[in-house]
$ cat entry-v8.pdb   # PDB, C-alpha atoms
MODEL        1
ATOM      1  CA  MET A 111      91.567  39.085  72.580
ATOM      2  CA  PRO A 112      91.530  39.572  76.360
ATOM      3  CA  VAL A 113      88.824  41.397  78.245
ATOM      4  CA  THR A 114      90.175  43.948  80.748
ATOM      5  CA  ILE A 115      88.488  43.804  84.154
ATOM      6  CA  ASP A 116      89.153  46.973  86.161
ATOM      7  CA  LEU A 117      89.164  45.892  89.810
ATOM      8  CA  ASN A 118      88.681  49.488  91.050
ATOM      9  CA  PHE A 119      91.157  49.019  93.872
ATOM     10  CA  LEU A 120      90.095  51.100  96.897
ATOM     11  CA  GLY A 121      87.564  52.814  94.652
ATOM     12  CA  ARG A 122      90.194  54.118  92.212
ATOM     13  CA  PRO A 123      90.025  53.004  88.564
ATOM     14  CA  ARG A 124      93.011  51.860  86.480
ATOM     15  CA  VAL A 125      95.119  50.599  89.372
ATOM     16  CA  ILE A 126      94.692  46.806  89.095
ATOM     17  CA  ALA A 127      93.477  44.927  86.026
ATOM     18  CA  ALA A 128      92.589  41.264  85.692
ATOM     19  CA  ALA A 129      92.633  39.733  82.224
ATOM     20  CA  ALA A 130      89.749  37.480  81.170
ATOM     21  CA  ILE A 131      90.566  35.439  78.079
ATOM     22  CA  PRO A 132      87.563  33.860  76.327
ATOM     23  CA  VAL A 133      87.978  30.119  75.781
ATOM     24  CA  ASP A 134      85.643  27.340  74.798
ATOM     25  CA  GLY A 135      83.109  27.063  77.626
ATOM     26  CA  GLY A 136      84.247  30.028  79.691
ATOM     27  CA  VAL A 137      87.292  32.204  80.408
ATOM     28  CA  VAL A 138      90.852  31.915  81.646
ATOM     29  CA  LEU A 139      91.657  34.534  84.273
ATOM     30  CA  VAL A 140      95.141  36.046  84.581
ATOM     31  CA  ASP A 141      95.906  37.573  88.005
ATOM     32  CA  PRO A 142      92.493  37.737  89.730
ATOM     33  CA  GLY A 143      93.685  40.444  92.136
ATOM     34  CA  PRO A 144      93.062  40.655  95.898
ATOM     35  CA  THR A 145      89.989  39.322  97.667
ATOM     36  CA  SER A 146      89.098  42.913  98.609
ATOM     37  CA  CYS A 147      88.279  43.408  94.904
ATOM     38  CA  ARG A 148      86.224  40.247  94.438
ATOM     39  CA  ALA A 149      82.943  42.131  93.999
ATOM     40  CA  ALA A 150      84.508  44.276  91.261
ATOM     41  CA  LEU A 151      85.910  41.135  89.623
ATOM     42  CA  GLU A 152      82.498  39.489  89.579
ATOM     43  CA  ALA A 153      80.818  42.647  88.289
ATOM     44  CA  GLY A 154      83.416  43.062  85.560
ATOM     45  CA  LEU A 155      82.998  39.487  84.398
ATOM     46  CA  ALA A 156      79.195  39.882  84.456
ATOM     47  CA  ARG A 157      79.394  42.894  82.137
ATOM     48  CA  HIS A 158      80.876  40.545  79.556
ATOM     49  CA  GLY A 159      78.444  37.726  80.191
ATOM     50  CA  TYR A 160      80.572  35.578  82.519
ATOM     51  CA  ARG A 161      80.444  34.370  86.108
ATOM     52  CA  ILE A 162      83.270  33.262  88.385
ATOM     53  CA  ALA A 163      81.947  29.742  87.843
ATOM     54  CA  ASP A 164      82.880  30.143  84.153
ATOM     55  CA  VAL A 165      86.583  30.530  84.972
ATOM     56  CA  ARG A 166      88.419  27.475  83.641
ATOM     57  CA  ALA A 167      91.847  28.285  85.133
ATOM     58  CA  LEU A 168      93.783  30.933  87.042
ATOM     59  CA  LEU A 169      97.127  31.948  85.543
ATOM     60  CA  LEU A 170      99.183  33.768  88.180
ATOM     61  CA  THR A 171     102.184  35.792  87.063
ATOM     62  CA  HIS A 172     103.385  35.900  90.684
ATOM     63  CA  ILE A 173     102.055  35.717  94.210
ATOM     64  CA  HIS A 174     102.026  39.329  95.422
ATOM     65  CA  PHE A 175      98.703  40.192  97.035
ATOM     66  CA  ASP A 176      97.557  42.640  94.344
ATOM     67  CA  HIS A 177      97.889  39.866  91.754
ATOM     68  CA  ALA A 178      97.110  36.597  93.513
ATOM     69  CA  GLY A 179      95.390  37.480  96.780
ATOM     70  CA  ALA A 180      92.026  36.014  95.757
ATOM     71  CA  ALA A 181      93.448  32.752  94.370
ATOM     72  CA  GLY A 182      92.908  30.705  97.535
ATOM     73  CA  THR A 183      89.427  32.089  98.136
ATOM     74  CA  LEU A 184      88.386  31.247  94.573
ATOM     75  CA  ALA A 185      89.996  27.804  94.650
ATOM     76  CA  HIS A 186      88.076  26.935  97.813
ATOM     77  CA  ALA A 187      84.813  28.279  96.399
ATOM     78  CA  TYR A 188      85.211  26.366  93.121
ATOM     79  CA  PRO A 189      86.850  22.981  93.756
ATOM     80  CA  GLY A 190      88.672  21.734  90.699
ATOM     81  CA  LEU A 191      89.730  25.213  89.550
ATOM     82  CA  PRO A 192      93.421  24.860  88.599
ATOM     83  CA  VAL A 193      95.866  27.534  89.758
ATOM     84  CA  TYR A 194      99.011  27.861  87.640
ATOM     85  CA  VAL A 195     101.960  29.545  89.371
ATOM     86  CA  HIS A 196     105.747  29.321  89.527
ATOM     87  CA  GLU A 197     106.949  26.474  91.745
ATOM     88  CA  ILE A 198     108.503  28.868  94.277
ATOM     89  CA  GLY A 199     105.213  30.713  94.562
ATOM     90  CA  ALA A 200     103.250  27.463  94.762
ATOM     91  CA  ARG A 201     104.945  26.563  98.042
ATOM     92  CA  HIS A 202     103.946  29.902  99.555
ATOM     93  CA  LEU A 203     100.366  29.681  98.315
ATOM     94  CA  ALA A 204      99.982  26.245  99.888
ATOM     95  CA  SER A 205     101.467  27.493 103.198
ATOM     96  CA  PRO A 206     101.124  31.296 103.169
ATOM     97  CA  GLU A 207     102.216  32.093 106.714
ATOM     98  CA  LYS A 208     105.592  33.583 105.713
ATOM     99  CA  LEU A 209     104.051  35.451 102.799
ATOM    100  CA  VAL A 210     101.400  37.009 105.029
ATOM    101  CA  ALA A 211     103.977  37.891 107.688
ATOM    102  CA  SER A 212     106.174  39.599 105.086
ATOM    103  CA  ALA A 213     103.260  41.622 103.723
ATOM    104  CA  THR A 214     102.168  42.540 107.228
ATOM    105  CA  ARG A 215     105.595  44.084 107.879
ATOM    106  CA  LEU A 216     104.932  46.421 104.936
ATOM    107  CA  TYR A 217     101.234  47.170 105.449
ATOM    108  CA  GLY A 218     100.557  46.587 109.159
ATOM    109  CA  ALA A 219      97.007  47.330 110.244
ATOM    110  CA  GLU A 220      96.022  48.156 106.659
ATOM    111  CA  MET A 221      96.279  44.511 105.517
ATOM    112  CA  ASP A 222      92.580  43.683 105.629
ATOM    113  CA  ARG A 223      91.424  46.985 104.135
ATOM    114  CA  LEU A 224      93.876  46.678 101.264
ATOM    115  CA  TRP A 225      93.776  42.995 100.467
ATOM    116  CA  GLY A 226      90.995  41.230 102.326
ATOM    117  CA  GLU A 227      91.153  37.504 102.997
ATOM    118  CA  PHE A 228      94.242  35.577 101.899
ATOM    119  CA  ARG A 229      93.520  31.847 102.040
ATOM    120  CA  ALA A 230      95.879  29.011 101.297
ATOM    121  CA  VAL A 231      95.351  27.398  97.903
ATOM    122  CA  PRO A 232      94.429  23.718  98.271
ATOM    123  CA  PRO A 233      97.463  21.645  97.212
ATOM    124  CA  GLU A 234      95.390  19.677  94.712
ATOM    125  CA  ALA A 235      94.527  22.908  92.877
ATOM    126  CA  LEU A 236      98.142  24.005  92.383
ATOM    127  CA  ARG A 237      99.885  23.526  89.036
ATOM    128  CA  PRO A 238     103.548  24.437  89.674
ATOM    129  CA  LEU A 239     105.533  25.869  86.762
ATOM    130  CA  ARG A 240     109.237  26.342  86.075
ATOM    131  CA  GLY A 241     109.042  28.143  82.726
ATOM    132  CA  GLY A 242     109.263  26.525  79.300
ATOM    133  CA  GLU A 243     105.901  24.755  79.520
ATOM    134  CA  THR A 244     103.037  25.033  77.060
ATOM    135  CA  LEU A 245      99.632  24.855  78.735
ATOM    136  CA  ALA A 246      96.591  23.520  76.899
ATOM    137  CA  ILE A 247      93.451  24.999  78.465
ATOM    138  CA  ALA A 248      90.185  24.417  76.625
ATOM    139  CA  ASP A 249      90.859  25.512  73.023
ATOM    140  CA  ARG A 250      93.830  27.772  73.911
ATOM    141  CA  ARG A 251      97.543  27.158  74.306
ATOM    142  CA  PHE A 252      99.738  29.322  76.516
ATOM    143  CA  GLU A 253     103.535  29.334  76.476
ATOM    144  CA  VAL A 254     105.205  29.990  79.828
ATOM    145  CA  ARG A 255     108.528  31.739  80.486
ATOM    146  CA  TYR A 256     110.329  32.358  83.756
ATOM    147  CA  THR A 257     110.637  36.160  84.059
ATOM    148  CA  PRO A 258     112.364  37.186  87.329
ATOM    149  CA  GLY A 259     113.610  40.640  88.247
ATOM    150  CA  HIS A 260     110.488  41.900  89.968
ATOM    151  CA  ALA A 261     110.080  38.653  91.928
ATOM    152  CA  VAL A 262     111.837  35.291  92.020
ATOM    153  CA  HIS A 263     108.469  33.604  91.472
ATOM    154  CA  HIS A 264     107.448  35.611  88.385
ATOM    155  CA  VAL A 265     106.370  33.993  85.120
ATOM    156  CA  SER A 266     104.764  35.401  81.977
ATOM    157  CA  TYR A 267     102.333  33.784  79.563
ATOM    158  CA  ARG A 268     101.984  34.049  75.773
ATOM    159  CA  ASP A 269      98.650  33.200  74.186
ATOM    160  CA  GLU A 270      99.523  31.371  70.955
ATOM    161  CA  ALA A 271      96.196  32.385  69.402
ATOM    162  CA  ASP A 272      96.861  36.129  69.257
ATOM    163  CA  ALA A 273     100.447  36.585  70.593
ATOM    164  CA  THR A 274      99.289  38.586  73.609
ATOM    165  CA  VAL A 275     101.861  38.323  76.404
ATOM    166  CA  TYR A 276     100.645  38.608  79.993
ATOM    167  CA  VAL A 277     103.538  40.175  81.877
ATOM    168  CA  GLY A 278     102.241  40.919  85.385
ATOM    169  CA  ASP A 279     104.807  43.404  86.747
ATOM    170  CA  ALA A 280     107.685  42.392  84.461
ATOM    171  CA  THR A 281     107.333  45.524  82.317
ATOM    172  CA  GLY A 282     106.299  48.030  84.955
ATOM    173  CA  ILE A 283     103.249  50.211  85.477
ATOM    174  CA  SER A 284     101.669  52.354  82.769
ATOM    175  CA  VAL A 285      98.348  54.168  82.947
ATOM    176  CA  ARG A 286      98.855  55.713  79.512
ATOM    177  CA  PRO A 287     101.486  55.663  76.740
ATOM    178  CA  GLY A 288     104.504  57.846  77.350
ATOM    179  CA  TYR A 289     105.266  56.953  80.967
ATOM    180  CA  VAL A 290     106.294  53.643  82.534
ATOM    181  CA  LEU A 291     106.929  53.396  86.281
ATOM    182  CA  PRO A 292     109.408  50.764  87.463
ATOM    183  CA  ALA A 293     107.802  48.175  89.752
ATOM    184  CA  THR A 294     110.574  47.645  92.318
ATOM    185  CA  PRO A 295     109.237  46.810  95.811
ATOM    186  CA  PRO A 296     111.247  44.548  98.145
ATOM    187  CA  PRO A 297     112.403  41.890  98.644
ATOM    188  CA  ASP A 298     113.335  40.269  95.301
ATOM    189  CA  ILE A 299     114.406  43.094  92.967
ATOM    190  CA  ASP A 300     117.300  42.065  90.731
ATOM    191  CA  LEU A 301     118.131  44.490  87.929
ATOM    192  CA  GLU A 302     120.530  42.075  86.240
ATOM    193  CA  GLN A 303     117.919  39.320  86.058
ATOM    194  CA  TRP A 304     115.388  41.890  84.927
ATOM    195  CA  ALA A 305     117.490  42.866  81.918
ATOM    196  CA  LEU A 306     117.526  39.210  80.853
ATOM    197  CA  THR A 307     113.764  38.996  81.356
ATOM    198  CA  LEU A 308     113.229  41.924  79.003
ATOM    199  CA  ASP A 309     115.351  40.078  76.432
ATOM    200  CA  VAL A 310     113.099  37.037  76.837
ATOM    201  CA  LEU A 311     109.956  39.098  76.373
ATOM    202  CA  GLU A 312     111.335  40.824  73.280
ATOM    203  CA  ALA A 313     112.288  37.466  71.771
ATOM    204  CA  TRP A 314     108.674  36.338  72.119
ATOM    205  CA  ARG A 315     107.719  39.043  69.554
ATOM    206  CA  PRO A 316     104.442  39.923  71.290
ATOM    207  CA  ALA A 317     101.615  41.480  69.315
ATOM    208  CA  ARG A 318     100.560  43.246  72.513
ATOM    209  CA  LEU A 319     101.319  43.205  76.224
ATOM    210  CA  PHE A 320      98.880  42.968  79.107
ATOM    211  CA  LEU A 321     100.012  44.711  82.305
ATOM    212  CA  THR A 322      98.301  44.158  85.627
ATOM    213  CA  HIS A 323      98.880  47.912  86.141
ATOM    214  CA  PHE A 324      97.244  48.702  83.711
ATOM    215  CA  GLY A 325      95.790  46.718  80.822
ATOM    216  CA  GLU A 326      96.699  46.323  77.169
ATOM    217  CA  VAL A 327      99.735  47.913  75.542
ATOM    218  CA  ALA A 328      99.420  48.081  71.763
ATOM    219  CA  ASP A 329     103.081  48.997  71.086
ATOM    220  CA  PRO A 330     105.128  46.313  72.863
ATOM    221  CA  VAL A 331     108.405  47.230  71.131
ATOM    222  CA  GLY A 332     108.179  50.856  72.193
ATOM    223  CA  HIS A 333     107.002  49.958  75.671
ATOM    224  CA  LEU A 334     109.836  47.504  76.317
ATOM    225  CA  ALA A 335     112.414  50.028  75.097
ATOM    226  CA  ALA A 336     110.908  52.734  77.320
ATOM    227  CA  TYR A 337     110.868  50.398  80.285
ATOM    228  CA  ARG A 338     114.549  49.555  79.933
ATOM    229  CA  GLN A 339     115.324  53.272  80.143
ATOM    230  CA  SER A 340     112.915  53.925  83.012
ATOM    231  CA  LEU A 341     114.232  51.018  85.075
ATOM    232  CA  ALA A 342     117.845  52.051  84.488
ATOM    233  CA  ARG A 343     117.153  55.701  85.444
ATOM    234  CA  ALA A 344     115.296  54.779  88.623
ATOM    235  CA  GLY A 345     117.927  52.219  89.583
ATOM    236  CA  GLU A 346     120.798  54.645  89.067
ATOM    237  CA  ALA A 347     119.001  57.386  91.011
ATOM    238  CA  ALA A 348     118.484  54.965  93.889
ATOM    239  CA  ARG A 349     122.147  53.914  93.800
ATOM    240  CA  ARG A 350     123.269  57.519  93.972
ATOM    241  CA  SER A 351     120.842  58.233  96.797
ATOM    242  CA  LEU A 352     122.695  55.687  98.920
ATOM    243  CA  GLU A 353     125.832  57.844  98.632
ATOM    244  CA  ALA A 354     124.035  60.866 100.106
ATOM    245  CA  ASP A 355     124.598  62.027 103.668
ATOM    246  CA  GLY A 356     121.894  61.357 106.209
ATOM    247  CA  ASP A 357     119.823  58.324 107.081
ATOM    248  CA  ASP A 358     117.679  56.066 104.949
ATOM    249  CA  ALA A 359     114.554  58.081 105.695
ATOM    250  CA  SER A 360     116.084  61.183 104.115
ATOM    251  CA  ARG A 361     117.588  59.209 101.210
ATOM    252  CA  CYS A 362     114.235  57.625 100.489
ATOM    253  CA  ALA A 363     112.438  60.968 100.757
ATOM    254  CA  GLY A 364     114.806  62.538  98.238
ATOM    255  CA  TRP A 365     114.303  59.705  95.747
ATOM    256  CA  VAL A 366     110.518  59.792  96.212
ATOM    257  CA  ALA A 367     110.441  63.558  95.606
ATOM    258  CA  TRP A 368     112.461  63.048  92.404
ATOM    259  CA  MET A 369     110.147  60.263  91.252
ATOM    260  CA  ARG A 370     107.016  62.298  91.938
ATOM    261  CA  LYS A 371     108.393  65.239  89.974
ATOM    262  CA  ASP A 372     109.438  62.895  87.161
ATOM    263  CA  ALA A 373     105.944  61.381  86.960
ATOM    264  CA  ARG A 374     104.214  64.756  86.924
ATOM    265  CA  ALA A 375     106.371  65.961  84.057
ATOM    266  CA  VAL A 376     104.387  63.534  81.885
ATOM    267  CA  LEU A 377     101.214  62.587  83.755
ATOM    268  CA  SER A 378      98.256  64.547  85.048
ATOM    269  CA  GLU A 379      97.909  64.824  88.816
ATOM    270  CA  ASP A 380      95.215  62.136  88.836
ATOM    271  CA  GLU A 381      97.338  59.793  86.716
ATOM    272  CA  ALA A 382     100.361  60.371  88.950
ATOM    273  CA  GLN A 383      98.296  59.500  92.012
ATOM    274  CA  THR A 384      97.021  56.375  90.242
ATOM    275  CA  VAL A 385     100.505  54.999  89.538
ATOM    276  CA  GLU A 386     101.524  55.669  93.138
ATOM    277  CA  ALA A 387      98.405  53.835  94.333
ATOM    278  CA  ALA A 388      99.582  50.851  92.285
ATOM    279  CA  ALA A 389     103.102  51.025  93.749
ATOM    280  CA  PRO A 390     103.884  53.265  96.748
ATOM    281  CA  PHE A 391     107.093  55.080  95.862
ATOM    282  CA  GLU A 392     108.706  54.548  99.256
ATOM    283  CA  GLN A 393     108.522  50.804  98.664
ATOM    284  CA  LEU A 394     110.072  51.177  95.211
ATOM    285  CA  TRP A 395     113.110  52.878  96.758
ATOM    286  CA  GLN A 396     113.346  50.185  99.426
ATOM    287  CA  GLY A 397     113.476  47.447  96.789
ATOM    288  CA  LEU A 398     116.185  49.187  94.770
ATOM    289  CA  ALA A 399     118.239  50.080  97.844
ATOM    290  CA  ARG A 400     118.119  46.462  98.962
ATOM    291  CA  PHE A 401     119.326  45.333  95.533
ATOM    292  CA  TRP A 402     122.322  47.698  95.511
ATOM    293  CA  ARG A 403     123.328  46.885  99.075
ATOM    294  CA  LYS A 404     123.171  43.145  98.503
ATOM    295  CA  ARG A 405     125.206  43.630  95.351
ATOM    296  CA  ALA A 406     127.847  45.666  97.152
ATOM    297  CA  GLU A 407     128.086  42.980  99.841
ATOM    298  CA  ARG A 408     128.934  40.496  97.087
ATOM    299  CA  GLY A 409     131.566  42.850  95.693
ATOM    300  CA  GLY A 410     129.601  43.249  92.495
ATOM    301  CA  THR A 411     129.911  45.908  89.847
ATOM    302  CA  ALA A 412     127.346  48.459  88.803
ATOM    303  CA  LEU A 413     125.356  47.814  85.643
ATOM    304  CA  ASP A 414     127.570  50.223  83.713
ATOM    305  CA  GLY A 415     130.669  48.208  84.631
ATOM    306  CA  SER A 416     131.915  50.366  87.519
ATOM    307  CA  ARG A 417     132.247  49.080  91.051
ATOM    308  CA  ALA A 418     128.913  48.940  92.884
ATOM    309  CA  GLY A 419     128.540  51.927  95.169
ATOM    310  CA  ALA A 420     131.334  53.877  93.449
ATOM    311  CA  SER A 421     130.644  57.429  92.312
TER     312      SER A 421
ENDMDL
END
$ encode --input "entry-v8.pdb" --output "structure tokens"
Amino acid sequence: MPVTIDLNFLGRPRVIAAAAIPVDGGVVLVDPGPTSCRAALEAGLARHGYRIADVRALLLTHIHFDHAGAAGTLAHAYPGLPVYVHEIGARHLASPEKLVASATRLYGAEMDRLWGEFRAVPPEALRPLRGGETLAIADRRFEVRYTPGHAVHHVSYRDEADATVYVGDATGISVRPGYVLPATPPPDIDLEQWALTLDVLEAWRPARLFLTHFGEVADPVGHLAAYRQSLARAGEAARRSLEADGDDASRCAGWVAWMRKDARAVLSEDEAQTVEAAAPFEQLWQGLARFWRKRAERGGTALDGSRAGAS
């Protein structure tokens, strides 16, 4: 069973979780989080009797800063630590200039406060994946599947020992049962690919899910069904917002207001603020709007079969 390490992002609990999986001689770490949370990572491991030096491998679901930001720092500090990541992501971790520039466009002067150092991963540490592999790490075996939709470099891992599936952002954000927030920031959101990813995850028949935002989900069947509905509702609301008069600032503001009201219909105020700390709502609209506009440019149809952009 995994150990949940709360990284206490910006001092707030239940925003970012790393998973520590006990193996012979140490732990495997899934999504170590950003370097800004390294002290919390080390403290969380210590509470369970581990050190960073006990980490036998890093399994990255994808390369966004909140998931993989510390990978390069850890790989430099512990030579020989393997870093498993999708092959598209591996290229960016080896040469992160474009990745950092893209994040800087979103976060500007807040980059260091939010994420801390982002170092390149040494090429010899990288273990590129395509999906379909089975990894043997110490006494554990992990199946790998390619799971795009949130990002083109997203993979998920299934621990054969207990059927826990580590999904990163592939099944959204949930701080408690009953509400799942779609994780849809730019630039790679693809709702069609995402529907196929959810099929893949269901076919794995997980005993439980582990979400980076946040932790274990004991009812994977119910969660996946709820996420399909949540993603479809948010996507359709974003599509309709693009038909509204005004500019993108007003369209985004309307969608964000709807999302905030939707969250607070289920969550407490503190829980609602926690999910927005994990995924700023303005960015979620931007990712969905980009998807629909790119789809319309291709002359695509909406997910219900109608023409994209049609009312």
$ closest_residue --input "entry-v8.pdb" --among "A:Tyr188, A:Tyr160, A:Phe119, A:Tyr276" --to "A:Arg318" --atoms "only C-alpha atoms"
A:Tyr276
$ atom_distance --input "entry-v8.pdb" --atom1 "atom CA of A:Cys362" --atom2 "atom CA of A:Ile299"
16.4 Å
$ residues_around --input "entry-v8.pdb" --residues "stretch 129-139 of chain A" --least-positions-apart "3" --cutoff "6 Å" --atoms "all atoms listed in the file" --output "list in words"
Pro112, Val113, Thr114, Asp164, Val165, Arg166, Ala167, Leu168, Ala248 and Asp249 of chain A
$ write_last_selection --input "entry-v8.pdb" --atoms "C-alpha atoms" --output "JSON list (two decimals), in the frame of the given file"
[["chain", "number", "residue", "atom", "x", "y", "z"],
["A", 112, "PRO", "CA", 91.53, 39.57, 76.36],
["A", 113, "VAL", "CA", 88.82, 41.40, 78.24],
["A", 114, "THR", "CA", 90.18, 43.95, 80.75],
["A", 164, "ASP", "CA", 82.88, 30.14, 84.15],
["A", 165, "VAL", "CA", 86.58, 30.53, 84.97],
["A", 166, "ARG", "CA", 88.42, 27.48, 83.64],
["A", 167, "ALA", "CA", 91.85, 28.28, 85.13],
["A", 168, "LEU", "CA", 93.78, 30.93, 87.04],
["A", 248, "ALA", "CA", 90.18, 24.42, 76.62],
["A", 249, "ASP", "CA", 90.86, 25.51, 73.02]]
$ closest_residue --input "entry-v8.pdb" --among "A:Val125, A:Ala348, A:Ala373, A:Leu170" --to "A:Trp395" --atoms "only C-alpha atoms"
A:Ala348
$ closest_residue --input "entry-v8.pdb" --among "A:Arg148, A:Arg201, A:Arg338, A:Arg250" --to "A:Leu236" --atoms "only C-alpha atoms"
A:Arg201
$ atom_distance --input "entry-v8.pdb" --atom1 "atom CA of A:Asp329" --atom2 "atom CA of A:Arg370"
25.0 Å
$ resolve_selection --input "entry-v8.pdb" --expression "the PyMOL selection byres ((chain A and resi 303) around 12)" --output "PyMOL selection string"
chain A and resi 256-262+264+280+298-302+304-310+401+413
$ resolve_selection --input "entry-v8.pdb" --expression "the PyMOL selection byres ((chain A and resi 121) around 12)" --output "ChimeraX atom specification"
/A:116-120,122-126,146-147,149-150,223-224,384,387
$ residues_around --input "entry-v8.pdb" --residues "A:Ala347" --least-positions-apart "5" --cutoff "12 Å" --atoms "only C-alpha atoms" --output "ChimeraX atom specification"
/A:340-342,352-354,361-362,364-369,372,394-395,398-399,402,419,421
$ closest_residue --input "entry-v8.pdb" --among "A:Leu245, A:Leu155, A:Ile198, A:Ala163" --to "A:Ala185" --atoms "only C-alpha atoms"
A:Ala163
$ closest_residue --input "entry-v8.pdb" --among "A:Arg374, A:His333, A:Arg350, A:His186" --to "A:Glu234" --atoms "only C-alpha atoms"
A:His186
$ closest_residue --input "entry-v8.pdb" --among "A:Glu227, A:Glu270, A:Glu326, A:Asp176" --to "A:Gly143" --atoms "only C-alpha atoms"
A:Asp176
$ axis_aligned_box --input "entry-v8.pdb" --around "stretch 343-359 of chain A" --padding-each-side "5 Å" --output "lines of an AutoDock Vina configuration file"
center_x = 120.2
center_y = 57.1
center_z = 96.3
size_x = 21.3
size_y = 19.8
size_z = 31.6
$ resolve_selection --input "entry-v8.pdb" --expression "the PyMOL selection byres ((chain A and resi 239) around 8)" --output "list in words"
Tyr194, Val195, His196, Glu197, Arg237, Pro238, Arg240, Gly241 and Glu243 of chain A
$ atom_distance --input "entry-v8.pdb" --atom1 "atom CA of A:Arg405" --atom2 "atom CA of A:Gln393"
18.5 Å
